[in-house]
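K.L.:
Just one file: protein.cif, with mmCIF, C-alpha atoms (C1' of nucleotides).
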data_structure
loop_
_atom_site.label_atom_id
_atom_site.label_comp_id
_atom_site.auth_asym_id
_atom_site.auth_seq_id
_atom_site.Cartn_x
_atom_site.Cartn_y
_atom_site.Cartn_z
CA MET Y 1 28.87 -4.06 -35.02
CA SER Y 2 30.55 -3.22 -31.74
CA ARG Y 3 27.71 -3.03 -29.26
CA PRO Y 4 28.81 -0.54 -26.59
CA SER Y 5 26.76 -2.50 -24.08
CA ASP Y 6 26.00 -0.69 -20.86
CA LEU Y 7 26.11 -3.84 -18.81
CA ILE Y 8 28.58 -6.58 -17.99
CA GLN Y 9 26.93 -9.81 -19.00
CA GLY Y 10 25.82 -11.82 -16.01
CA THR Y 11 25.97 -9.03 -13.44
CA LEU Y 12 22.36 -7.95 -13.71
CA ASP Y 13 21.09 -10.43 -11.13
CA LEU Y 14 23.72 -9.23 -8.69
CA LEU Y 15 22.84 -5.59 -9.31
CA ILE Y 16 19.15 -6.21 -8.75
CA LEU Y 17 19.61 -8.33 -5.64
CA LYS Y 18 21.93 -5.76 -4.12
CA THR Y 19 19.61 -2.87 -4.94
CA ILE Y 20 16.52 -4.34 -3.31
CA SER Y 21 18.60 -5.56 -0.37
CA ILE Y 22 18.76 -1.92 0.66
CA GLU Y 23 15.01 -1.55 0.47
CA PRO Y 24 12.12 -3.19 -1.42
CA MET Y 25 11.46 -1.47 -4.70
CA HIS Y 26 9.43 -1.85 -7.87
CA GLY Y 27 10.98 -2.81 -11.19
CA TRP Y 28 11.01 0.56 -12.84
CA ALA Y 29 12.60 2.12 -9.78
CA ILE Y 30 15.24 -0.60 -9.60
CA GLY Y 31 16.39 0.24 -13.09
CA LYS Y 32 16.49 3.94 -12.35
CA ARG Y 33 18.32 3.40 -9.08
CA ILE Y 34 21.06 1.28 -10.62
CA GLN Y 35 21.52 3.85 -13.35
CA GLN Y 36 21.71 6.66 -10.83
CA VAL Y 37 24.02 4.96 -8.35
CA SER Y 38 26.36 3.85 -11.13
CA ASP Y 39 26.66 7.47 -12.17
CA GLU Y 40 24.79 6.78 -15.41
CA ALA Y 41 27.36 4.20 -16.47
CA LEU Y 42 24.89 1.31 -16.31
CA GLN Y 43 21.71 1.40 -18.38
CA ILE Y 44 19.13 -1.27 -17.69
CA THR Y 45 16.74 -1.69 -20.58
CA GLN Y 46 13.28 -2.97 -19.88
CA GLY Y 47 13.81 -5.95 -22.11
CA ALA Y 48 16.59 -7.04 -19.78
CA LEU Y 49 15.05 -5.88 -16.52
CA TYR Y 50 11.67 -7.57 -16.46
CA PRO Y 51 12.79 -11.00 -17.62
CA ALA Y 52 15.54 -10.82 -14.99
CA LEU Y 53 13.02 -10.03 -12.26
CA HIS Y 54 10.87 -12.97 -13.33
CA ARG Y 55 13.90 -15.22 -13.35
CA LEU Y 56 14.88 -14.17 -9.85
CA GLU Y 57 11.35 -14.60 -8.58
CA GLN Y 58 11.13 -18.07 -10.06
CA GLN Y 59 14.39 -18.99 -8.36
CA GLY Y 60 12.81 -17.92 -5.11
CA TRP Y 61 15.35 -15.19 -4.48
CA ILE Y 62 12.90 -12.32 -4.58
CA SER Y 63 9.16 -12.04 -4.02
CA ALA Y 64 6.66 -9.62 -5.47
CA GLU Y 65 3.70 -7.69 -4.15
CA TRP Y 66 1.49 -5.14 -5.90
CA ARG Y 67 1.41 -1.88 -4.04
CA VAL Y 68 0.86 1.78 -4.74
CA THR Y 69 3.83 4.04 -5.35
CA GLU Y 70 4.36 7.42 -3.76
CA THR Y 71 3.01 8.93 -6.95
CA GLY Y 72 -0.19 6.95 -6.68
CA ARG Y 73 0.37 4.28 -9.30
CA GLU Y 74 0.13 0.51 -9.11
CA ALA Y 75 3.52 -1.15 -9.21
CA LYS Y 76 5.04 -4.50 -8.38
CA PHE Y 77 7.33 -4.21 -5.38
CA TYR Y 78 10.10 -6.74 -4.99
CA ARG Y 79 11.92 -7.70 -1.84
CA LEU Y 80 14.76 -10.13 -1.10
CA THR Y 81 13.84 -13.50 0.36
CA LYS Y 82 16.09 -15.28 2.80
CA ALA Y 83 17.37 -17.49 0.01
CA GLY Y 84 17.90 -14.33 -1.99
CA ARG Y 85 20.17 -12.90 0.66
CA THR Y 86 22.26 -16.05 0.57
CA GLN Y 87 22.37 -15.84 -3.20
CA LEU Y 88 23.43 -12.22 -3.01
CA GLU Y 89 26.36 -13.15 -0.79
CA LYS Y 90 27.31 -15.87 -3.22
CA GLU Y 91 27.18 -13.58 -6.22
CA LEU Y 92 29.10 -10.88 -4.41
CA ALA Y 93 31.88 -13.33 -3.61
CA GLN Y 94 31.89 -14.62 -7.17
CA TRP Y 95 32.12 -11.11 -8.57
CA GLU Y 96 34.99 -10.19 -6.27
CA ARG Y 97 36.84 -13.34 -7.15
CA LEU Y 98 36.45 -13.04 -10.90
CA SER Y 99 36.76 -9.29 -11.33
CA ASN Y 100 39.88 -9.46 -9.22
CA ALA Y 101 41.22 -12.17 -11.49
CA VAL Y 102 40.55 -10.02 -14.55
CA GLY Y 103 42.44 -7.26 -12.78
CA LEU Y 104 45.45 -9.52 -12.35
CA VAL Y 105 45.51 -10.34 -16.04
CA ILE Y 106 45.04 -6.84 -17.39
CA ARG Y 107 47.71 -5.47 -15.08
CA MET Y 108 50.14 -8.20 -16.06
CA ALA Y 109 53.45 -6.66 -17.08
CA MET J 1 22.55 -26.57 -12.36
CA SER J 2 24.41 -23.58 -11.01
CA ARG J 3 27.30 -23.20 -13.39
CA PRO J 4 30.13 -21.71 -11.31
CA SER J 5 31.46 -20.20 -14.52
CA ASP J 6 35.12 -19.40 -14.43
CA LEU J 7 34.78 -16.42 -16.70
CA ILE J 8 32.95 -13.12 -16.77
CA GLN J 9 30.97 -13.09 -19.97
CA GLY J 10 32.43 -10.75 -22.53
CA THR J 11 35.86 -10.39 -20.96
CA LEU J 12 37.56 -13.17 -22.91
CA ASP J 13 38.52 -10.95 -25.84
CA LEU J 14 40.08 -8.48 -23.47
CA LEU J 15 41.99 -11.20 -21.65
CA ILE J 16 43.37 -12.63 -24.88
CA LEU J 17 44.31 -9.27 -26.36
CA LYS J 18 46.10 -8.26 -23.20
CA THR J 19 47.94 -11.56 -22.92
CA ILE J 20 49.40 -11.51 -26.41
CA SER J 21 50.17 -7.81 -26.09
CA ILE J 22 52.97 -8.85 -23.73
CA GLU J 23 54.34 -11.30 -26.25
CA PRO J 24 53.02 -13.34 -29.18
CA MET J 25 51.81 -16.72 -28.09
CA HIS J 26 49.97 -19.76 -29.40
CA GLY J 27 46.39 -20.57 -28.41
CA TRP J 28 47.06 -23.31 -25.96
CA ALA J 29 49.66 -21.19 -24.18
CA ILE J 30 47.30 -18.21 -24.02
CA GLY J 31 44.77 -20.26 -22.11
CA LYS J 32 47.39 -21.59 -19.72
CA ARG J 33 48.88 -18.16 -19.20
CA ILE J 34 45.56 -16.53 -18.31
CA GLN J 35 44.83 -19.33 -15.89
CA GLN J 36 48.24 -19.00 -14.29
CA VAL J 37 48.31 -15.21 -14.04
CA SER J 38 44.79 -15.14 -12.60
CA ASP J 39 45.95 -17.46 -9.86
CA GLU J 40 43.82 -20.30 -11.25
CA ALA J 41 40.64 -18.23 -10.86
CA LEU J 42 40.00 -18.08 -14.61
CA GLN J 43 39.64 -21.28 -16.60
CA ILE J 44 39.54 -20.94 -20.36
CA THR J 45 37.98 -23.98 -21.98
CA GLN J 46 39.01 -24.81 -25.51
CA GLY J 47 35.44 -24.46 -26.71
CA ALA J 48 35.59 -20.82 -25.70
CA LEU J 49 39.22 -20.18 -26.57
CA TYR J 50 39.50 -21.21 -30.20
CA PRO J 51 36.29 -19.60 -31.45
CA ALA J 52 37.37 -16.42 -29.66
CA LEU J 53 40.75 -16.48 -31.42
CA HIS J 54 39.06 -16.92 -34.78
CA ARG J 55 36.69 -14.07 -34.01
CA LEU J 56 39.53 -11.76 -33.10
CA GLU J 57 41.49 -12.73 -36.18
CA GLN J 58 38.49 -12.07 -38.40
CA GLN J 59 38.08 -8.66 -36.82
CA GLY J 60 41.67 -7.97 -37.77
CA TRP J 61 42.79 -7.49 -34.21
CA ILE J 62 45.22 -10.39 -34.13
CA SER J 63 47.11 -12.28 -36.81
CA ALA J 64 48.29 -15.87 -36.87
CA GLU J 65 51.40 -17.64 -38.02
CA TRP J 66 52.38 -21.30 -37.74
CA ARG J 67 55.65 -21.78 -35.93
CA VAL J 68 57.42 -24.38 -33.86
CA THR J 69 57.24 -24.20 -30.08
CA GLU J 70 60.16 -24.56 -27.72
CA THR J 71 59.12 -28.17 -27.27
CA GLY J 72 59.32 -28.83 -30.99
CA ARG J 73 55.64 -28.87 -31.93
CA GLU J 74 53.72 -27.01 -34.60
CA ALA J 75 51.52 -24.32 -33.13
CA LYS J 76 49.65 -21.25 -34.31
CA PHE J 77 51.20 -18.15 -32.86
CA TYR J 78 49.07 -15.05 -32.51
CA ARG J 79 50.23 -11.47 -32.24
CA LEU J 80 48.39 -8.17 -31.82
CA THR J 81 47.89 -6.05 -34.92
CA LYS J 82 47.90 -2.28 -34.76
CA ALA J 83 44.12 -2.26 -34.86
CA GLY J 84 44.23 -4.86 -32.10
CA ARG J 85 46.20 -2.56 -29.88
CA THR J 86 43.61 0.15 -30.36
CA GLN J 87 40.89 -2.35 -29.60
CA LEU J 88 42.71 -3.45 -26.46
CA GLU J 89 42.79 0.14 -25.22
CA LYS J 90 39.10 0.45 -25.93
CA GLU J 91 38.22 -2.73 -24.11
CA LEU J 92 40.42 -1.82 -21.17
CA ALA J 93 38.63 1.51 -20.83
CA GLN J 94 35.24 -0.16 -21.16
CA TRP J 95 36.13 -2.71 -18.49
CA GLU J 96 37.36 -0.03 -16.09
CA ARG J 97 34.24 2.01 -16.64
CA LEU J 98 31.76 -0.81 -16.19
CA SER J 99 33.47 -2.79 -13.45
CA ASN J 100 33.82 0.43 -11.55
CA ALA J 101 30.13 1.07 -11.99
CA VAL J 102 29.32 -2.38 -10.65
CA GLY J 103 31.53 -1.54 -7.70
CA LEU J 104 29.51 1.57 -7.00
CA VAL J 105 26.27 -0.39 -6.95
CA ILE J 106 27.44 -3.30 -4.82
CA ARG J 107 28.98 -0.96 -2.28
CA MET J 108 25.84 1.14 -2.12
CA ALA J 109 24.79 1.60 1.53
"C1'" DA K 1 -6.68 16.22 -26.40
"C1'" DA K 2 -2.13 15.33 -27.04
"C1'" DG K 3 2.04 14.12 -25.35
"C1'" DC K 4 5.25 12.59 -21.97
"C1'" DA K 5 6.92 9.97 -17.94
"C1'" DT K 6 5.77 6.16 -15.44
"C1'" DA K 7 5.06 1.22 -15.19
"C1'" DT K 8 4.79 -3.60 -16.86
"C1'" DA K 9 5.38 -7.07 -20.28
"C1'" DT K 10 6.59 -10.26 -24.28
"C1'" DA K 11 8.68 -11.88 -28.74
"C1'" DA K 12 12.38 -12.46 -32.05
"C1'" DG K 13 16.98 -12.37 -32.84
"C1'" DT K 14 21.95 -12.59 -31.52
"C1'" DA K 15 26.46 -13.50 -29.30
"C1'" DA K 16 29.13 -15.78 -26.18
"C1'" DC K 17 29.49 -18.99 -23.75
"C1'" DT K 18 29.23 -24.58 -21.93
"C1'" DT K 19 29.44 -29.22 -22.93
"C1'" DA K 20 30.91 -32.70 -25.57
"C1'" DG K 21 33.01 -34.49 -28.72
"C1'" DG K 22 37.18 -35.50 -32.58
"C1'" DC K 23 41.97 -35.53 -34.46
"C1'" DA K 24 47.10 -35.54 -34.37
"C1'" DT K 25 51.80 -35.53 -32.30
"C1'" DG K 26 55.64 -35.99 -28.93
"C1'" DC K 27 57.18 -38.04 -24.75
"C1'" DC K 28 57.54 -41.18 -21.06
"C1'" DA K 29 56.80 -45.45 -18.59
"C1'" DA K 30 55.87 -50.29 -18.42
"C1'" DT U 1 56.68 -51.06 -28.42
"C1'" DT U 2 52.78 -49.58 -27.07
"C1'" DG U 3 49.64 -47.28 -24.01
"C1'" DG U 4 48.61 -43.33 -21.95
"C1'" DC U 5 49.10 -38.53 -20.96
"C1'" DA U 6 50.06 -33.70 -22.09
"C1'" DT U 7 50.19 -30.79 -25.78
"C1'" DG U 8 47.92 -28.55 -29.52
"C1'" DC U 9 44.14 -27.62 -32.80
"C1'" DC U 10 39.26 -27.73 -34.01
"C1'" DT U 11 33.87 -27.89 -34.44
"C1'" DA U 12 28.86 -28.74 -33.40
"C1'" DA U 13 24.82 -28.48 -30.50
"C1'" DG U 14 22.64 -26.46 -26.83
"C1'" DT U 15 21.89 -22.77 -23.32
"C1'" DT U 16 21.46 -18.25 -21.61
"C1'" DA U 17 21.35 -13.60 -21.19
"C1'" DC U 18 21.21 -10.20 -23.37
"C1'" DT U 19 19.40 -6.34 -27.48
"C1'" DT U 20 15.88 -4.50 -30.15
"C1'" DA U 21 11.31 -3.81 -31.03
"C1'" DT U 22 6.80 -3.64 -29.81
"C1'" DA U 23 2.46 -3.51 -26.96
"C1'" DT U 24 -0.43 -1.89 -23.23
"C1'" DA U 25 -2.17 1.20 -19.55
"C1'" DT U 26 -2.27 5.22 -16.37
"C1'" DG U 27 -1.46 9.84 -14.40
"C1'" DC U 28 0.02 14.45 -15.12
"C1'" DT U 29 0.74 18.48 -17.74
"C1'" DT U 30 -0.10 21.69 -21.59
#
Write out the structure in this file as C-alpha cells.

P.N.:
Amino acid sequence: MSRPSDLIQGTLDLLILKTISIEPMHGWAIGKRIQQVSDEALQITQGALYPALHRLEQQGWISAEWRVTETGREAKFYRLTKAGRTQLEKELAQWERLSNAVGLVIRMA
Amino acid sequence: MSRPSDLIQGTLDLLILKTISIEPMHGWAIGKRIQQVSDEALQITQGALYPALHRLEQQGWISAEWRVTETGREAKFYRLTKAGRTQLEKELAQWERLSNAVGLVIRMA
DNA sequence: AAGCATATATAAGTAACTTAGGCATGCCAA
DNA sequence: TTGGCATGCCTAAGTTACTTATATATGCTT
C-alpha cells in the first residue's frame, strides 16, 4: 500500500503561507497555484486544503474575507496576518534547516 | 505547544535505509549516526526509531541479525535487502522530486 | 437540461509521529 | 560494591496531518 503521496507531510502550512504572501487568494486558487508553480509535482486535495486553511485561520496566521472572483463567483479570500508573516519566516527557516539535514544524510558516502 | 520537531514527517524510512546502505548497523547506532551526520539537526527518538525498523523489516526492505558490538554488547544489526535497495532508490527519487517542488514554491516571487 | 469546472466543506479512517514509560547490561566512580 | 550513566531494546497511548469519500451550490457551455 505504498501511497505515492504528492505532498511532504507537514509542509502544507508553509506552502499556503508562502503562496498568499505573494498576494491574497481564495482556497481553490491557492491549491491550483501551488500545483502550477511546483510544475504539477504537488497536488493539494481539498480534504487537505480546507482543513489546513481553517487551522491557519484559527492560529491567527491568515484571515478570511468573502469576495467575488474575477469570474464572478463568491469565494473566501485569505491574506497573511502580521503574525502569519512571522510564522512564515519561522517555517521557512525550519524547512531549510531540516531539508538541508536530510540532504547531508542522503549524500553521506 | 509548538513542537519544534526534529524530523520531516515521512523521511525517517529514507534516512534509515540510506544509513544502513553504507554499512550494516544496529538500531541505536543508526539513530546516533543520523544525528551526527546531520550535524545534530535531526534527532531520532527511540519511539520513532524502533517502530520504523520493525516496519521496514516487515516490508522486507531490511533484515536483522543479533550480533555483538565492538563494545561487547548484544545488539540487533540491520542490513539492506535487495528489495530494500530498490526501495531506497525509489524514496530518494521521491524526496528529490518533492523537496525540489517545495523549493519552487517557497522561492516563488 | 445535462454536464463540467469552480468553489467550499465535513466525516471517517490511517500512518507516522511524540511522549512517556519499562527492562536489561556493561562500565566507571565513589 | 553499589549507584548511576550510557548503551541497547521495546511498547502503549495520544496527537496530528494527512487520504478518501462524500455533500452542496453556482456559473458556463452544449

K.L.:
Report as a count of residues only the full result of the PyMOL selection byres ((chain Y) within 9 of (chain J)) when it is applied to this structure.

P.N.:
35

K.L.:
What gap, in Å, lies between CA of Arg85 (chain Y) and CA of Glu70 (chain Y)?

P.N.:
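Atom-to-atom, CA of Arg85 (chain Y) to CA of Glu70 (chain Y), that is 26.1 Å.
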
K.L.:
Can you give me, as JSON, numbers by chain, the residues this file yields under the PyMOL selection byres ((chain U and resi 21) around 12)?

P.N.:
{"Y": [45, 46, 47], "K": [10, 11, 12, 13], "U": [19, 20, 22, 23]}

K.L.:
Given the file above and the PyMOL selection byres ((chain J) within 8 of (chain U)), which residues are selected, and can you give them as a list in words?

P.N.:
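Against this file, the PyMOL selection byres ((chain J) within 8 of (chain U)) returns the residues Trp28, Tyr50, Glu74 and Ala75 of chain J.
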
K.L.:
In Å, how far is it from CA of Leu56 (chain J) to CA of Arg73 (chain J)?

P.N.:
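Value for the CA of Leu56 (chain J)-CA of Arg73 (chain J) distance: 23.5 Å.
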
K.L.:
Would you mind completing region 2-27 of chain J to N, CA and C atoms and writing the output as a PDB file, keeping the file's coordinate frame?

P.N.:
ATOM      1  N   SER J   2      23.672 -24.828 -11.138  1.00  0.00           N
ATOM      2  CA  SER J   2      24.410 -23.580 -11.010  1.00  0.00           C
ATOM      3  C   SER J   2      25.788 -23.744 -11.636  1.00  0.00           C
ATOM      4  N   ARG J   3      25.982 -23.114 -12.762  1.00  0.00           N
ATOM      5  CA  ARG J   3      27.300 -23.200 -13.390  1.00  0.00           C
ATOM      6  C   ARG J   3      28.204 -22.150 -12.734  1.00  0.00           C
ATOM      7  N   PRO J   4      29.251 -22.614 -12.036  1.00  0.00           N
ATOM      8  CA  PRO J   4      30.130 -21.710 -11.310  1.00  0.00           C
ATOM      9  C   PRO J   4      30.744 -20.689 -12.273  1.00  0.00           C
ATOM     10  N   SER J   5      30.927 -21.098 -13.502  1.00  0.00           N
ATOM     11  CA  SER J   5      31.460 -20.200 -14.520  1.00  0.00           C
ATOM     12  C   SER J   5      32.773 -19.575 -14.079  1.00  0.00           C
ATOM     13  N   ASP J   6      33.796 -19.894 -14.788  1.00  0.00           N
ATOM     14  CA  ASP J   6      35.120 -19.400 -14.430  1.00  0.00           C
ATOM     15  C   ASP J   6      35.541 -18.266 -15.348  1.00  0.00           C
ATOM     16  N   LEU J   7      34.542 -17.463 -15.726  1.00  0.00           N
ATOM     17  CA  LEU J   7      34.780 -16.420 -16.700  1.00  0.00           C
ATOM     18  C   LEU J   7      33.658 -15.401 -16.582  1.00  0.00           C
ATOM     19  N   ILE J   8      33.997 -14.128 -16.693  1.00  0.00           N
ATOM     20  CA  ILE J   8      32.950 -13.120 -16.770  1.00  0.00           C
ATOM     21  C   ILE J   8      32.635 -12.928 -18.245  1.00  0.00           C
ATOM     22  N   GLN J   9      31.400 -13.144 -18.571  1.00  0.00           N
ATOM     23  CA  GLN J   9      30.970 -13.090 -19.970  1.00  0.00           C
ATOM     24  C   GLN J   9      31.405 -11.785 -20.638  1.00  0.00           C
ATOM     25  N   GLY J  10      32.059 -11.929 -21.768  1.00  0.00           N
ATOM     26  CA  GLY J  10      32.430 -10.750 -22.530  1.00  0.00           C
ATOM     27  C   GLY J  10      33.839 -10.252 -22.253  1.00  0.00           C
ATOM     28  N   THR J  11      34.510 -10.871 -21.287  1.00  0.00           N
ATOM     29  CA  THR J  11      35.860 -10.390 -20.960  1.00  0.00           C
ATOM     30  C   THR J  11      36.949 -11.207 -21.661  1.00  0.00           C
ATOM     31  N   LEU J  12      36.555 -12.282 -22.331  1.00  0.00           N
ATOM     32  CA  LEU J  12      37.560 -13.170 -22.910  1.00  0.00           C
ATOM     33  C   LEU J  12      38.409 -12.472 -23.971  1.00  0.00           C
ATOM     34  N   ASP J  13      37.772 -11.685 -24.816  1.00  0.00           N
ATOM     35  CA  ASP J  13      38.520 -10.950 -25.840  1.00  0.00           C
ATOM     36  C   ASP J  13      39.583 -10.072 -25.196  1.00  0.00           C
ATOM     37  N   LEU J  14      39.158  -9.351 -24.194  1.00  0.00           N
ATOM     38  CA  LEU J  14      40.080  -8.480 -23.470  1.00  0.00           C
ATOM     39  C   LEU J  14      41.252  -9.262 -22.890  1.00  0.00           C
ATOM     40  N   LEU J  15      40.958 -10.383 -22.272  1.00  0.00           N
ATOM     41  CA  LEU J  15      41.990 -11.200 -21.650  1.00  0.00           C
ATOM     42  C   LEU J  15      43.008 -11.702 -22.681  1.00  0.00           C
ATOM     43  N   ILE J  16      42.485 -12.127 -23.817  1.00  0.00           N
ATOM     44  CA  ILE J  16      43.370 -12.630 -24.880  1.00  0.00           C
ATOM     45  C   ILE J  16      44.226 -11.508 -25.454  1.00  0.00           C
ATOM     46  N   LEU J  17      43.578 -10.394 -25.779  1.00  0.00           N
ATOM     47  CA  LEU J  17      44.310  -9.270 -26.360  1.00  0.00           C
ATOM     48  C   LEU J  17      45.436  -8.813 -25.431  1.00  0.00           C
ATOM     49  N   LYS J  18      45.098  -8.688 -24.166  1.00  0.00           N
ATOM     50  CA  LYS J  18      46.100  -8.260 -23.200  1.00  0.00           C
ATOM     51  C   LYS J  18      47.258  -9.255 -23.125  1.00  0.00           C
ATOM     52  N   THR J  19      46.910 -10.525 -23.073  1.00  0.00           N
ATOM     53  CA  THR J  19      47.940 -11.560 -22.920  1.00  0.00           C
ATOM     54  C   THR J  19      48.949 -11.563 -24.065  1.00  0.00           C
ATOM     55  N   ILE J  20      48.439 -11.483 -25.299  1.00  0.00           N
ATOM     56  CA  ILE J  20      49.400 -11.510 -26.410  1.00  0.00           C
ATOM     57  C   ILE J  20      50.008 -10.135 -26.678  1.00  0.00           C
ATOM     58  N   SER J  21      49.528  -9.128 -25.958  1.00  0.00           N
ATOM     59  CA  SER J  21      50.170  -7.810 -26.090  1.00  0.00           C
ATOM     60  C   SER J  21      51.528  -7.817 -25.385  1.00  0.00           C
ATOM     61  N   ILE J  22      51.682  -8.703 -24.428  1.00  0.00           N
ATOM     62  CA  ILE J  22      52.970  -8.850 -23.730  1.00  0.00           C
ATOM     63  C   ILE J  22      53.969  -9.530 -24.662  1.00  0.00           C
ATOM     64  N   GLU J  23      53.524 -10.637 -25.235  1.00  0.00           N
ATOM     65  CA  GLU J  23      54.340 -11.300 -26.250  1.00  0.00           C
ATOM     66  C   GLU J  23      53.472 -12.258 -27.049  1.00  0.00           C
ATOM     67  N   PRO J  24      53.764 -12.415 -28.329  1.00  0.00           N
ATOM     68  CA  PRO J  24      53.020 -13.340 -29.180  1.00  0.00           C
ATOM     69  C   PRO J  24      53.041 -14.739 -28.573  1.00  0.00           C
ATOM     70  N   MET J  25      51.976 -15.462 -28.787  1.00  0.00           N
ATOM     71  CA  MET J  25      51.810 -16.720 -28.090  1.00  0.00           C
ATOM     72  C   MET J  25      50.805 -17.588 -28.850  1.00  0.00           C
ATOM     73  N   HIS J  26      50.941 -18.894 -28.735  1.00  0.00           N
ATOM     74  CA  HIS J  26      49.970 -19.760 -29.400  1.00  0.00           C
ATOM     75  C   HIS J  26      48.771 -20.019 -28.495  1.00  0.00           C
ATOM     76  N   GLY J  27      47.676 -20.442 -29.088  1.00  0.00           N
ATOM     77  CA  GLY J  27      46.390 -20.570 -28.410  1.00  0.00           C
ATOM     78  C   GLY J  27      46.449 -21.307 -27.095  1.00  0.00           C
TER      79      GLY J  27
END
